[in-house]
Amino acid sequence: MQPITRIHSRTAVLADENIDTDRIIPARFLTTTTREGLGKLCFNDWRYQADGSDNPAFPLNQPAAGGCAILVAGRNFGCGSSREHAPWALLDYGIKAVLCSEIADIFRGNALKNGLLAIIIDEAEHRWLLDHPGTELAIDVREQAIELPDGGRIRFELEPFARHCLLNGVDQLGFLQQHADAIEAFEARVEKAA
Amino acid sequence: MSAPRTLFEKIWNAHVVAPETADTPAVLYIDLHLVHEVTSPQAFDELRARGLKLRRADRTLATLDHSTPTLPAGADGERPYATAQAKAQVSQLETNCREFGVELHGWDSADRGIVHVIGPELGATRPGMTIVCGDSHTSTHGAFGALAFGIGTTEVGHVMATQCLLQRKPKTLAIHVDGQLPAGVGAKDLILHIIGQIGINGGTGHVIEYRGAAIEALSMEQRMTVCNMSIEAGARAGLIAPDDTTFDWLKGRPRAPKGAAWDAAVDAWRALRSDDGARYDREVRIDARAVKPTVTYGTHPGMAIAMDAPVPAARNAIEQRALDYMHSTAGQPMQGMPVDVVFVGSCTNSRLSDLREAAHVLRGRRVAEGVRMLVVPGSEAVRRDAEREGLHDVFTAAGAEWRVPGCSMCIAMNGDLAQPGQLVVSTSNRNFEGRQGKGARTVLASPATAAASAVAGKIADPREYLTEVAA
Ligand code: SF4
């Protein structure tokens, strides 16, 4: 994974609460066996009209949302299934960060492992960002801070290991493999007792 | 004496390979890894790309369920896959399991079925274990007092390579369910009621332990229904302390210990309960006596109410949109809403007792004109048992379709789906927009409610049908 230290972009807003993984990528597309090319299916049933053309009512289809890499989403984003296809699709669609006051656990873990910044912010700041699409933000992973255009900063929590992995492009599987001896010892102890 | 501990802490502590620190999560050992065709192909590819082996094939168990057709193979032996890609995905799992030495309950297995149905059936799910699967409803297995949760595909790869996961310790939430459920009200009504009370994010960051008299009185299959939907409250896992109900259900299952090993195991399992005085991060009390046949009226499982209660007014534009999508009207009950499709199945409600519950209502009755009803058993074993009892005859005589096991309309990725605008009364677990087909409207309900609604052609209270039979 590439290190991720800073993301700079205007925001796009999807104000709906409880945007579930079925809305991010409908289940019928999950027969894929690769992780590539899912961006064109991202938000599929919301984003396109029946004839396949863009749905003008979908906020991310507005010209102002073009090129935005930071998504501000309504409360409880990413609830539902464990499908990692959801962050894969968002990343391939061009989203690099999701800001929300609540983010579902499994989605958040999946997102961070793929370098999609799933960041939880306070309700008041969330409210403000929901009301102000198109705000220029910079997200600084090292500082754990979102920089606002007026010079203000929003601090956010990030699990220290996830932060370390993002900043250094650490491969989590590689880290786990360093515990090979401990794992073997654990197995030996437990399986002998059984 | 050590401090009193919760059931969750006991299981967690017993599986820590390396403890968590401020900088790093714990390395947690995984006893059983369940695999299916949808969330595994990219993980197997990752192993291949890195030249890694599957560390413990003997702790890995695979099945086909999500993309698989529920109509039988044709005369030519071809199965009616929805798409060529679905077929390719299934054959990829077959190839992967062969190459990496994983036991696969595939088309030729007498035990194939939905991953969360067959794990317990085979006795692969046992108290005190850690169990994961690339599927959020892995929480089902918590009914046995196992710590079981869904993971993403990257983590599927981690478990394949190391049999471990990196995890921060979640918080605990005790849900005490006092009293007993009224007659004609079941586990599905209870869990929908609970999620309606605590909300779809009420369990986020927590492992739920369900406790209390009403939970102890539930059968094993009902406990699985409750734990299954823990994720719909945002929780990673649901747990119920194992007891004699659990042990009786497990005894004699293929992978359960035998003889003296069984007795020793039961002795050890009896210690798997929260100690008196153990502290939870949060506690909630629910009164079982107040639960009625419950359904959803909106587009997530937290929008749940008693079917005879008025639909609450929308509190904001987003809730109004959900009501509009569902054609629900604030102030009107859901009972009486016309139904197009009824689905009995999914890892929430596709076990033998669920099918019996639906058949009990349908026996001697017919599915209403214009309603399509699909009954999809959770596994080949359930199918066999149901057919032995003649339940399939009850369903087909009533005009319902009796299918081959699989996830089917729960996730609607195998071709079984509803048309835009159709109202589905479904025993599954998610009523998200489009979950059962683009534009389809889903009302979650118990098997009894689903069957009663099929007969009435509109959302109906099953108790009216149950008393009629009893009289
Ligand atoms: S039945 Fe539904 S919820 Fe259960 S594993 Fe299959 S798709 Fe997931």
# chains A, B, ... in the order shown; residues from 1 in each chain; ligands from 1

call {"tool": "residues_near_ligand", "arguments": {"ligand": "ligand 1", "cutoff": "8 Å", "atoms": "only C-alpha atoms and all ligand atoms", "output": "PDB file with C-alpha atoms, in the first residue's frame"}}
result
ATOM      1  CA  SER A  81     -22.680  -6.026   5.048  1.00  0.00           C
TER       2      SER A  81
ATOM      3  CA  ASP B  65     -24.628 -20.199  -1.031  1.00  0.00           C
ATOM      4  CA  HIS B  66     -24.813 -16.589  -2.235  1.00  0.00           C
ATOM      5  CA  ILE B 114     -26.033 -21.150   3.863  1.00  0.00           C
ATOM      6  CA  VAL B 115     -22.746 -20.735   5.664  1.00  0.00           C
ATOM      7  CA  HIS B 116     -24.380 -19.734   8.977  1.00  0.00           C
ATOM      8  CA  ASP B 135     -19.998 -12.072   6.004  1.00  0.00           C
ATOM      9  CA  SER B 136     -21.579  -9.777   8.542  1.00  0.00           C
ATOM     10  CA  HIS B 137     -24.164 -12.305   9.733  1.00  0.00           C
ATOM     11  CA  THR B 138     -21.420 -14.429  11.235  1.00  0.00           C
ATOM     12  CA  GLY B 345     -35.564 -18.236   3.955  1.00  0.00           C
ATOM     13  CA  SER B 346     -32.115 -16.726   4.774  1.00  0.00           C
ATOM     14  CA  CYS B 347     -29.703 -17.418   7.620  1.00  0.00           C
ATOM     15  CA  THR B 348     -32.143 -15.600   9.908  1.00  0.00           C
ATOM     16  CA  GLY B 378     -31.192 -23.017   4.669  1.00  0.00           C
ATOM     17  CA  GLY B 406     -29.139 -20.896  -0.740  1.00  0.00           C
ATOM     18  CA  CYS B 407     -29.281 -17.217   0.226  1.00  0.00           C
ATOM     19  CA  SER B 408     -31.765 -16.545  -2.567  1.00  0.00           C
ATOM     20  CA  MET B 409     -33.936 -13.454  -2.141  1.00  0.00           C
ATOM     21  CA  CYS B 410     -32.177 -12.393   1.042  1.00  0.00           C
ATOM     22  CA  ILE B 411     -29.499 -10.770  -1.089  1.00  0.00           C
ATOM     23  CA  ALA B 412     -31.057 -11.287  -4.523  1.00  0.00           C
ATOM     24  CA  SER B 428     -34.533 -12.202   6.002  1.00  0.00           C
ATOM     25  CA  ASN B 429     -32.596  -9.510   7.831  1.00  0.00           C
ATOM     26  CA  ARG B 430     -32.206  -6.441   5.631  1.00  0.00           C
TER      27      ARG B 430
END

call {"tool": "closest_atom_pairs", "arguments": {"of": "chain B", "to": "chain A", "cutoff": "6 Å", "atoms": "only C-alpha atoms", "output": "JSON lines"}}
result
{"residue": "B:Asp23", "atom": "CA", "partner": "A:Pro160", "partner_atom": "CA", "distance": 5.4}
{"residue": "B:Thr24", "atom": "CA", "partner": "A:Phe161", "partner_atom": "CA", "distance": 5.2}
{"residue": "B:Pro41", "atom": "CA", "partner": "A:Thr33", "partner_atom": "CA", "distance": 5.4}
{"residue": "B:Gln42", "atom": "CA", "partner": "A:Thr34", "partner_atom": "CA", "distance": 5.8}
{"residue": "B:Gln85", "atom": "CA", "partner": "A:Thr31", "partner_atom": "CA", "distance": 5.9}
{"residue": "B:Ala86", "atom": "CA", "partner": "A:Thr31", "partner_atom": "CA", "distance": 5.2}
{"residue": "B:Asp135", "atom": "CA", "partner": "A:Ser82", "partner_atom": "CA", "distance": 5.5}
{"residue": "B:Ser136", "atom": "CA", "partner": "A:Ser82", "partner_atom": "CA", "distance": 5.1}
{"residue": "B:Ile151", "atom": "CA", "partner": "A:Ser82", "partner_atom": "CA", "distance": 5.9}
{"residue": "B:Gly152", "atom": "CA", "partner": "A:Glu84", "partner_atom": "CA", "distance": 5.3}
{"residue": "B:Thr153", "atom": "CA", "partner": "A:Glu84", "partner_atom": "CA", "distance": 5.9}
{"residue": "B:His158", "atom": "CA", "partner": "A:Leu173", "partner_atom": "CA", "distance": 5.8}
{"residue": "B:Met413", "atom": "CA", "partner": "A:Arg28", "partner_atom": "CA", "distance": 4.3}

call {"tool": "write_last_selection", "arguments": {"atoms": "all heavy atoms", "output": "CSV table (one decimal), in the first residue's frame"}}
result
chain,number,residue,atom,x,y,z
B,23,ASP,N,-0.1,1.2,20.9
B,23,ASP,CA,0.3,1.3,19.4
B,23,ASP,C,-0.3,0.3,18.5
B,23,ASP,O,-0.4,0.5,17.3
B,23,ASP,CB,1.8,1.4,19.3
B,23,ASP,CG,2.4,2.6,19.9
B,23,ASP,OD1,1.7,3.6,20.0
B,23,ASP,OD2,3.6,2.5,20.3
B,24,THR,N,-0.5,-0.9,19.1
B,24,THR,CA,-0.9,-2.0,18.2
B,24,THR,C,-2.1,-2.8,18.7
B,24,THR,O,-2.3,-2.9,20.0
B,24,THR,CB,0.3,-3.0,18.0
B,24,THR,OG1,0.7,-3.4,19.4
B,24,THR,CG2,1.4,-2.5,17.2
B,41,PRO,N,-12.6,-14.8,-3.2
B,41,PRO,CA,-11.7,-15.0,-4.4
B,41,PRO,C,-10.5,-14.0,-4.3
B,41,PRO,O,-9.3,-14.5,-4.6
B,41,PRO,CB,-12.5,-14.7,-5.6
B,41,PRO,CG,-13.9,-14.2,-5.1
B,41,PRO,CD,-14.0,-14.5,-3.7
B,42,GLN,N,-10.7,-12.8,-3.9
B,42,GLN,CA,-9.6,-11.8,-3.9
B,42,GLN,C,-8.6,-12.2,-2.8
B,42,GLN,O,-7.4,-11.9,-2.9
B,42,GLN,CB,-10.1,-10.4,-3.7
B,42,GLN,CG,-11.0,-9.9,-4.8
B,42,GLN,CD,-12.5,-10.2,-4.6
B,42,GLN,OE1,-12.8,-11.0,-3.7
B,42,GLN,NE2,-13.4,-9.7,-5.4
B,85,GLN,N,-21.0,-14.8,-14.9
B,85,GLN,CA,-20.1,-14.4,-13.8
B,85,GLN,C,-20.4,-15.1,-12.5
B,85,GLN,O,-19.4,-15.5,-11.8
B,85,GLN,CB,-20.2,-12.9,-13.6
B,85,GLN,CG,-18.9,-12.3,-13.0
B,85,GLN,CD,-19.0,-10.8,-12.9
B,85,GLN,OE1,-20.0,-10.2,-12.6
B,85,GLN,NE2,-17.8,-10.2,-13.0
B,86,ALA,N,-21.6,-15.3,-12.2
B,86,ALA,CA,-22.0,-16.1,-11.0
B,86,ALA,C,-21.5,-17.5,-11.1
B,86,ALA,O,-20.9,-18.0,-10.1
B,86,ALA,CB,-23.5,-16.1,-10.8
B,135,ASP,N,-18.5,-12.2,6.1
B,135,ASP,CA,-20.0,-12.1,6.0
B,135,ASP,C,-20.5,-11.5,7.3
B,135,ASP,O,-20.2,-12.1,8.4
B,135,ASP,CB,-20.6,-13.4,5.7
B,135,ASP,CG,-22.1,-13.3,5.4
B,135,ASP,OD1,-22.9,-13.0,6.3
B,135,ASP,OD2,-22.5,-13.5,4.2
B,136,SER,N,-21.2,-10.5,7.3
B,136,SER,CA,-21.6,-9.8,8.5
B,136,SER,C,-22.5,-10.6,9.5
B,136,SER,O,-22.5,-10.4,10.6
B,136,SER,CB,-22.2,-8.4,8.2
B,136,SER,OG,-23.3,-8.6,7.5
B,151,ILE,N,-15.9,-10.2,8.8
B,151,ILE,CA,-14.7,-9.5,8.4
B,151,ILE,C,-14.7,-9.2,6.9
B,151,ILE,O,-15.5,-9.8,6.2
B,151,ILE,CB,-13.4,-10.4,8.8
B,151,ILE,CG1,-13.5,-11.8,8.1
B,151,ILE,CG2,-13.3,-10.6,10.3
B,151,ILE,CD1,-12.3,-12.7,8.3
B,152,GLY,N,-13.8,-8.3,6.5
B,152,GLY,CA,-13.7,-8.0,5.1
B,152,GLY,C,-12.7,-8.9,4.4
B,152,GLY,O,-12.1,-9.8,5.1
B,153,THR,N,-12.6,-8.8,3.1
B,153,THR,CA,-11.8,-9.7,2.4
B,153,THR,C,-10.3,-9.6,2.7
B,153,THR,O,-9.6,-10.6,2.7
B,153,THR,CB,-12.1,-9.5,0.9
B,153,THR,OG1,-13.5,-9.8,0.6
B,153,THR,CG2,-11.2,-10.3,0.0
B,158,HIS,N,-5.9,-12.4,5.9
B,158,HIS,CA,-5.1,-12.5,7.1
B,158,HIS,C,-5.3,-13.8,7.8
B,158,HIS,O,-4.3,-14.4,8.2
B,158,HIS,CB,-5.4,-11.3,8.0
B,158,HIS,CG,-5.0,-10.0,7.5
B,158,HIS,ND1,-5.3,-8.8,8.2
B,158,HIS,CD2,-4.4,-9.6,6.4
B,158,HIS,CE1,-4.8,-7.8,7.6
B,158,HIS,NE2,-4.3,-8.2,6.4
B,413,MET,N,-28.8,-11.9,-5.3
B,413,MET,CA,-27.8,-11.9,-6.3
B,413,MET,C,-27.7,-13.2,-7.2
B,413,MET,O,-26.8,-13.3,-8.0
B,413,MET,CB,-26.4,-11.6,-5.7
B,413,MET,CG,-25.9,-12.5,-4.7
B,413,MET,SD,-24.3,-12.0,-4.0
B,413,MET,CE,-23.2,-12.3,-5.4

call {"tool": "select_by_dssp", "arguments": {"residues": "region 93-177 of chain A", "states": "helix (DSSP H, G or I)", "output": "PyMOL selection string"}}
result
chain A and resi 93+105-113+123-131+160-168+172-177

call {"tool": "select_by_dssp", "arguments": {"residues": "region 350-404 of chain B", "states": "strand (DSSP E or B)", "output": "ChimeraX atom specification"}}
result
/B:372-375,379,401-402

call {"tool": "write_last_selection", "arguments": {"atoms": "all heavy atoms", "output": "PDB file, in the first residue's frame"}}
result
ATOM      1  N   ARG B 372     -46.834 -14.274  -4.903  1.00  0.00           N
ATOM      2  CA  ARG B 372     -45.825 -15.300  -5.171  1.00  0.00           C
ATOM      3  C   ARG B 372     -45.101 -15.591  -3.862  1.00  0.00           C
ATOM      4  O   ARG B 372     -44.694 -14.672  -3.160  1.00  0.00           O
ATOM      5  CB  ARG B 372     -44.838 -14.758  -6.191  1.00  0.00           C
ATOM      6  CG  ARG B 372     -43.707 -15.677  -6.472  1.00  0.00           C
ATOM      7  CD  ARG B 372     -42.769 -15.033  -7.486  1.00  0.00           C
ATOM      8  NE  ARG B 372     -41.750 -15.995  -7.830  1.00  0.00           N
ATOM      9  CZ  ARG B 372     -40.485 -15.661  -8.110  1.00  0.00           C
ATOM     10  NH1 ARG B 372     -40.121 -14.408  -8.126  1.00  0.00           N
ATOM     11  NH2 ARG B 372     -39.606 -16.598  -8.398  1.00  0.00           N
ATOM     12  N   MET B 373     -44.992 -16.874  -3.514  1.00  0.00           N
ATOM     13  CA  MET B 373     -44.307 -17.224  -2.269  1.00  0.00           C
ATOM     14  C   MET B 373     -43.172 -18.209  -2.547  1.00  0.00           C
ATOM     15  O   MET B 373     -43.362 -19.222  -3.206  1.00  0.00           O
ATOM     16  CB  MET B 373     -45.282 -17.835  -1.274  1.00  0.00           C
ATOM     17  CG  MET B 373     -44.616 -18.203   0.066  1.00  0.00           C
ATOM     18  SD  MET B 373     -45.837 -18.755   1.289  1.00  0.00           S
ATOM     19  CE  MET B 373     -44.777 -18.996   2.722  1.00  0.00           C
ATOM     20  N   LEU B 374     -42.017 -17.871  -2.021  1.00  0.00           N
ATOM     21  CA  LEU B 374     -40.820 -18.692  -2.208  1.00  0.00           C
ATOM     22  C   LEU B 374     -40.392 -19.226  -0.844  1.00  0.00           C
ATOM     23  O   LEU B 374     -40.242 -18.443   0.090  1.00  0.00           O
ATOM     24  CB  LEU B 374     -39.718 -17.770  -2.710  1.00  0.00           C
ATOM     25  CG  LEU B 374     -38.871 -18.190  -3.889  1.00  0.00           C
ATOM     26  CD1 LEU B 374     -39.763 -18.257  -5.118  1.00  0.00           C
ATOM     27  CD2 LEU B 374     -37.762 -17.163  -4.127  1.00  0.00           C
ATOM     28  N   VAL B 375     -40.196 -20.531  -0.741  1.00  0.00           N
ATOM     29  CA  VAL B 375     -39.674 -21.094   0.503  1.00  0.00           C
ATOM     30  C   VAL B 375     -38.326 -21.738   0.178  1.00  0.00           C
ATOM     31  O   VAL B 375     -38.250 -22.655  -0.648  1.00  0.00           O
ATOM     32  CB  VAL B 375     -40.634 -22.131   1.117  1.00  0.00           C
ATOM     33  CG1 VAL B 375     -40.094 -22.615   2.461  1.00  0.00           C
ATOM     34  CG2 VAL B 375     -42.027 -21.537   1.282  1.00  0.00           C
ATOM     35  N   SER B 379     -30.396 -25.244   4.232  1.00  0.00           N
ATOM     36  CA  SER B 379     -29.343 -26.213   3.925  1.00  0.00           C
ATOM     37  C   SER B 379     -29.975 -27.479   3.374  1.00  0.00           C
ATOM     38  O   SER B 379     -31.188 -27.682   3.471  1.00  0.00           O
ATOM     39  CB  SER B 379     -28.557 -26.563   5.194  1.00  0.00           C
ATOM     40  OG  SER B 379     -29.395 -27.309   6.059  1.00  0.00           O
ATOM     41  N   GLU B 401     -43.549 -21.919  -3.845  1.00  0.00           N
ATOM     42  CA  GLU B 401     -42.458 -22.617  -4.542  1.00  0.00           C
ATOM     43  C   GLU B 401     -41.476 -23.147  -3.506  1.00  0.00           C
ATOM     44  O   GLU B 401     -41.063 -22.420  -2.608  1.00  0.00           O
ATOM     45  CB  GLU B 401     -41.720 -21.651  -5.481  1.00  0.00           C
ATOM     46  CG  GLU B 401     -42.620 -21.073  -6.556  1.00  0.00           C
ATOM     47  CD  GLU B 401     -41.915 -19.967  -7.346  1.00  0.00           C
ATOM     48  OE1 GLU B 401     -40.739 -20.157  -7.703  1.00  0.00           O
ATOM     49  OE2 GLU B 401     -42.540 -18.927  -7.580  1.00  0.00           O
ATOM     50  N   TRP B 402     -41.098 -24.398  -3.655  1.00  0.00           N
ATOM     51  CA  TRP B 402     -40.159 -25.063  -2.743  1.00  0.00           C
ATOM     52  C   TRP B 402     -38.825 -25.181  -3.467  1.00  0.00           C
ATOM     53  O   TRP B 402     -38.747 -25.807  -4.512  1.00  0.00           O
ATOM     54  CB  TRP B 402     -40.716 -26.428  -2.354  1.00  0.00           C
ATOM     55  CG  TRP B 402     -39.823 -27.293  -1.510  1.00  0.00           C
ATOM     56  CD1 TRP B 402     -39.286 -28.503  -1.874  1.00  0.00           C
ATOM     57  CD2 TRP B 402     -39.399 -27.065  -0.160  1.00  0.00           C
ATOM     58  NE1 TRP B 402     -38.553 -29.023  -0.843  1.00  0.00           N
ATOM     59  CE2 TRP B 402     -38.604 -28.169   0.220  1.00  0.00           C
ATOM     60  CE3 TRP B 402     -39.608 -26.030   0.751  1.00  0.00           C
ATOM     61  CZ2 TRP B 402     -38.022 -28.270   1.478  1.00  0.00           C
ATOM     62  CZ3 TRP B 402     -39.019 -26.125   2.002  1.00  0.00           C
ATOM     63  CH2 TRP B 402     -38.246 -27.238   2.364  1.00  0.00           C
TER      64      TRP B 402
END

call {"tool": "closest_residue", "arguments": {"among": "B:Gly439, B:Pro310, B:Gly399, B:Gly212", "to": "Arg365 (chain B)", "atoms": "only C-alpha atoms"}}
result
B:Gly399

call {"tool": "residues_around", "arguments": {"residues": "region 423-427 of chain B", "least_positions_apart": "2", "cutoff": "8 Å", "atoms": "only C-alpha atoms", "output": "VMD selection string"}}
result
chain B and resid 338 to 346 348 to 349 410 418 421 429 440 to 447 450 453 459

call {"tool": "closest_residue", "arguments": {"among": "A:Ile154, A:Cys68, A:Leu91, A:Ala145", "to": "Asp122 (chain A)", "atoms": "only C-alpha atoms"}}
result
A:Ile154

call {"tool": "atom_distance", "arguments": {"atom1": "CA of His206 (chain B)", "atom2": "CA of Ala237 (chain B)"}}
result
7.5 Å

call {"tool": "residues_around", "arguments": {"residues": "Asp54 (chain A)", "least_positions_apart": "5", "cutoff": "12 Å", "atoms": "only C-alpha atoms", "output": "ChimeraX atom specification"}}
result
/A:40,43-49,59-63

call {"tool": "write_last_selection", "arguments": {"atoms": "all heavy atoms", "output": "short mmCIF file (atom, residue, chain, number, x, y, z; two decimals), in the first residue's frame"}}
result
data_model
loop_
_atom_site.label_atom_id
_atom_site.label_comp_id
_atom_site.auth_asym_id
_atom_site.auth_seq_id
_atom_site.Cartn_x
_atom_site.Cartn_y
_atom_site.Cartn_z
N LYS A 40 -17.31 2.26 -11.51
CA LYS A 40 -18.46 2.57 -12.37
C LYS A 40 -19.76 2.00 -11.79
O LYS A 40 -20.85 2.38 -12.22
CB LYS A 40 -18.22 2.05 -13.80
CG LYS A 40 -17.99 0.55 -13.91
CD LYS A 40 -17.70 0.18 -15.36
CE LYS A 40 -17.55 -1.33 -15.54
NZ LYS A 40 -16.40 -1.90 -14.78
N PHE A 43 -22.58 3.33 -6.10
CA PHE A 43 -23.90 3.97 -5.96
C PHE A 43 -24.80 3.70 -7.18
O PHE A 43 -25.66 4.52 -7.52
CB PHE A 43 -23.75 5.50 -5.76
CG PHE A 43 -23.01 5.89 -4.52
CD1 PHE A 43 -21.79 6.55 -4.59
CD2 PHE A 43 -23.53 5.60 -3.27
CE1 PHE A 43 -21.11 6.92 -3.43
CE2 PHE A 43 -22.85 5.97 -2.10
CZ PHE A 43 -21.64 6.63 -2.19
N ASN A 44 -24.59 2.59 -7.82
CA ASN A 44 -25.23 2.33 -9.12
C ASN A 44 -26.72 2.69 -9.19
O ASN A 44 -27.14 3.41 -10.09
CB ASN A 44 -25.05 0.85 -9.47
CG ASN A 44 -25.50 0.54 -10.89
OD1 ASN A 44 -24.73 0.68 -11.82
ND2 ASN A 44 -26.76 0.16 -11.04
N ASP A 45 -27.52 2.17 -8.23
CA ASP A 45 -28.97 2.31 -8.38
C ASP A 45 -29.47 3.70 -8.04
O ASP A 45 -30.63 4.02 -8.25
CB ASP A 45 -29.69 1.27 -7.52
CG ASP A 45 -29.43 -0.14 -8.04
OD1 ASP A 45 -28.82 -0.26 -9.11
OD2 ASP A 45 -29.85 -1.10 -7.38
N TRP A 46 -28.58 4.52 -7.53
CA TRP A 46 -28.91 5.87 -7.13
C TRP A 46 -28.41 6.83 -8.21
O TRP A 46 -29.00 7.86 -8.49
CB TRP A 46 -28.17 6.12 -5.82
CG TRP A 46 -28.60 7.25 -4.97
CD1 TRP A 46 -29.57 8.17 -5.21
CD2 TRP A 46 -28.03 7.57 -3.70
NE1 TRP A 46 -29.64 9.05 -4.17
CE2 TRP A 46 -28.71 8.71 -3.23
CE3 TRP A 46 -27.01 7.01 -2.91
CZ2 TRP A 46 -28.41 9.30 -1.98
CZ3 TRP A 46 -26.72 7.60 -1.69
CH2 TRP A 46 -27.41 8.73 -1.23
N ARG A 47 -27.33 6.43 -8.83
CA ARG A 47 -26.56 7.33 -9.67
C ARG A 47 -27.05 7.36 -11.11
O ARG A 47 -26.91 8.36 -11.80
CB ARG A 47 -25.13 6.80 -9.61
CG ARG A 47 -24.13 7.49 -10.47
CD ARG A 47 -22.78 6.85 -10.11
NE ARG A 47 -21.80 6.96 -11.14
CZ ARG A 47 -20.70 6.22 -11.19
NH1 ARG A 47 -20.48 5.30 -10.27
NH2 ARG A 47 -19.84 6.40 -12.15
N TYR A 48 -27.59 6.22 -11.56
CA TYR A 48 -28.03 6.14 -12.96
C TYR A 48 -29.56 6.07 -13.03
O TYR A 48 -30.22 5.57 -12.13
CB TYR A 48 -27.46 4.90 -13.64
CG TYR A 48 -25.96 4.80 -13.61
CD1 TYR A 48 -25.34 3.78 -12.88
CD2 TYR A 48 -25.16 5.72 -14.31
CE1 TYR A 48 -23.96 3.67 -12.85
CE2 TYR A 48 -23.77 5.60 -14.28
CZ TYR A 48 -23.18 4.59 -13.55
OH TYR A 48 -21.81 4.48 -13.52
N GLN A 49 -30.10 6.52 -14.18
CA GLN A 49 -31.53 6.35 -14.44
C GLN A 49 -31.73 5.01 -15.14
O GLN A 49 -30.77 4.34 -15.51
CB GLN A 49 -32.03 7.49 -15.32
CG GLN A 49 -31.65 8.85 -14.75
CD GLN A 49 -32.37 9.99 -15.42
OE1 GLN A 49 -33.41 10.43 -14.98
NE2 GLN A 49 -31.78 10.46 -16.52
N PRO A 59 -26.64 13.64 -5.92
CA PRO A 59 -25.78 14.80 -5.63
C PRO A 59 -24.39 14.71 -6.25
O PRO A 59 -23.84 15.73 -6.67
CB PRO A 59 -25.70 14.79 -4.10
CG PRO A 59 -26.96 14.12 -3.65
CD PRO A 59 -27.27 13.09 -4.70
N LEU A 60 -23.82 13.50 -6.33
CA LEU A 60 -22.46 13.42 -6.86
C LEU A 60 -22.43 13.56 -8.38
O LEU A 60 -21.35 13.61 -8.97
CB LEU A 60 -21.77 12.12 -6.42
CG LEU A 60 -21.68 11.87 -4.91
CD1 LEU A 60 -20.75 10.71 -4.62
CD2 LEU A 60 -21.21 13.10 -4.14
N ASN A 61 -23.60 13.61 -9.02
CA ASN A 61 -23.64 13.87 -10.45
C ASN A 61 -23.67 15.36 -10.77
O ASN A 61 -23.58 15.75 -11.93
CB ASN A 61 -24.87 13.21 -11.10
CG ASN A 61 -24.69 11.70 -11.26
OD1 ASN A 61 -23.58 11.19 -11.21
ND2 ASN A 61 -25.79 10.99 -11.45
N GLN A 62 -23.84 16.21 -9.75
CA GLN A 62 -23.84 17.65 -9.97
C GLN A 62 -22.45 18.08 -10.42
O GLN A 62 -21.46 17.57 -9.91
CB GLN A 62 -24.17 18.40 -8.67
CG GLN A 62 -25.35 17.87 -7.90
CD GLN A 62 -26.66 18.22 -8.55
OE1 GLN A 62 -26.85 19.33 -8.98
NE2 GLN A 62 -27.56 17.26 -8.66
N PRO A 63 -22.40 19.03 -11.36
CA PRO A 63 -21.08 19.48 -11.83
C PRO A 63 -20.17 19.91 -10.67
O PRO A 63 -18.97 19.63 -10.69
CB PRO A 63 -21.42 20.69 -12.72
CG PRO A 63 -22.86 20.50 -13.12
CD PRO A 63 -23.52 19.70 -12.04
#

call {"tool": "residues_around", "arguments": {"residues": "Gln2 (chain A)", "least_positions_apart": "2", "cutoff": "8 Å", "atoms": "only C-alpha atoms", "output": "ChimeraX atom specification"}}
result
/A:4,166,168-169

call {"tool": "atom_distance", "arguments": {"atom1": "CA of Met1 (chain A)", "atom2": "CA of Arg108 (chain A)"}}
result
17.0 Å

call {"tool": "decode", "arguments": {"residues": "region 104-109 of chain A", "atoms": "N, CA, C and O atoms", "output": "short mmCIF file (atom, residue, chain, number, x, y, z; two decimals), in the first residue's frame"}}
result
data_model
loop_
_atom_site.label_atom_id
_atom_site.label_comp_id
_atom_site.auth_asym_id
_atom_site.auth_seq_id
_atom_site.Cartn_x
_atom_site.Cartn_y
_atom_site.Cartn_z
N ALA A 104 -20.07 2.81 10.35
CA ALA A 104 -20.22 1.42 10.80
C ALA A 104 -18.86 0.75 10.96
O ALA A 104 -17.94 0.99 10.18
N ASP A 105 -18.75 -0.10 11.98
CA ASP A 105 -17.46 -0.71 12.36
C ASP A 105 -16.75 -1.46 11.23
O ASP A 105 -15.57 -1.24 10.98
N ILE A 106 -17.47 -2.39 10.61
CA ILE A 106 -16.77 -3.26 9.64
C ILE A 106 -16.35 -2.44 8.43
O ILE A 106 -15.23 -2.55 7.94
N PHE A 107 -17.24 -1.56 7.99
CA PHE A 107 -16.90 -0.71 6.85
C PHE A 107 -15.66 0.12 7.16
O PHE A 107 -14.75 0.24 6.35
N ARG A 108 -15.62 0.67 8.35
CA ARG A 108 -14.51 1.54 8.72
C ARG A 108 -13.18 0.79 8.70
O ARG A 108 -12.18 1.26 8.17
N GLY A 109 -13.21 -0.41 9.29
CA GLY A 109 -12.00 -1.23 9.29
C GLY A 109 -11.56 -1.58 7.87
O GLY A 109 -10.39 -1.46 7.51
#
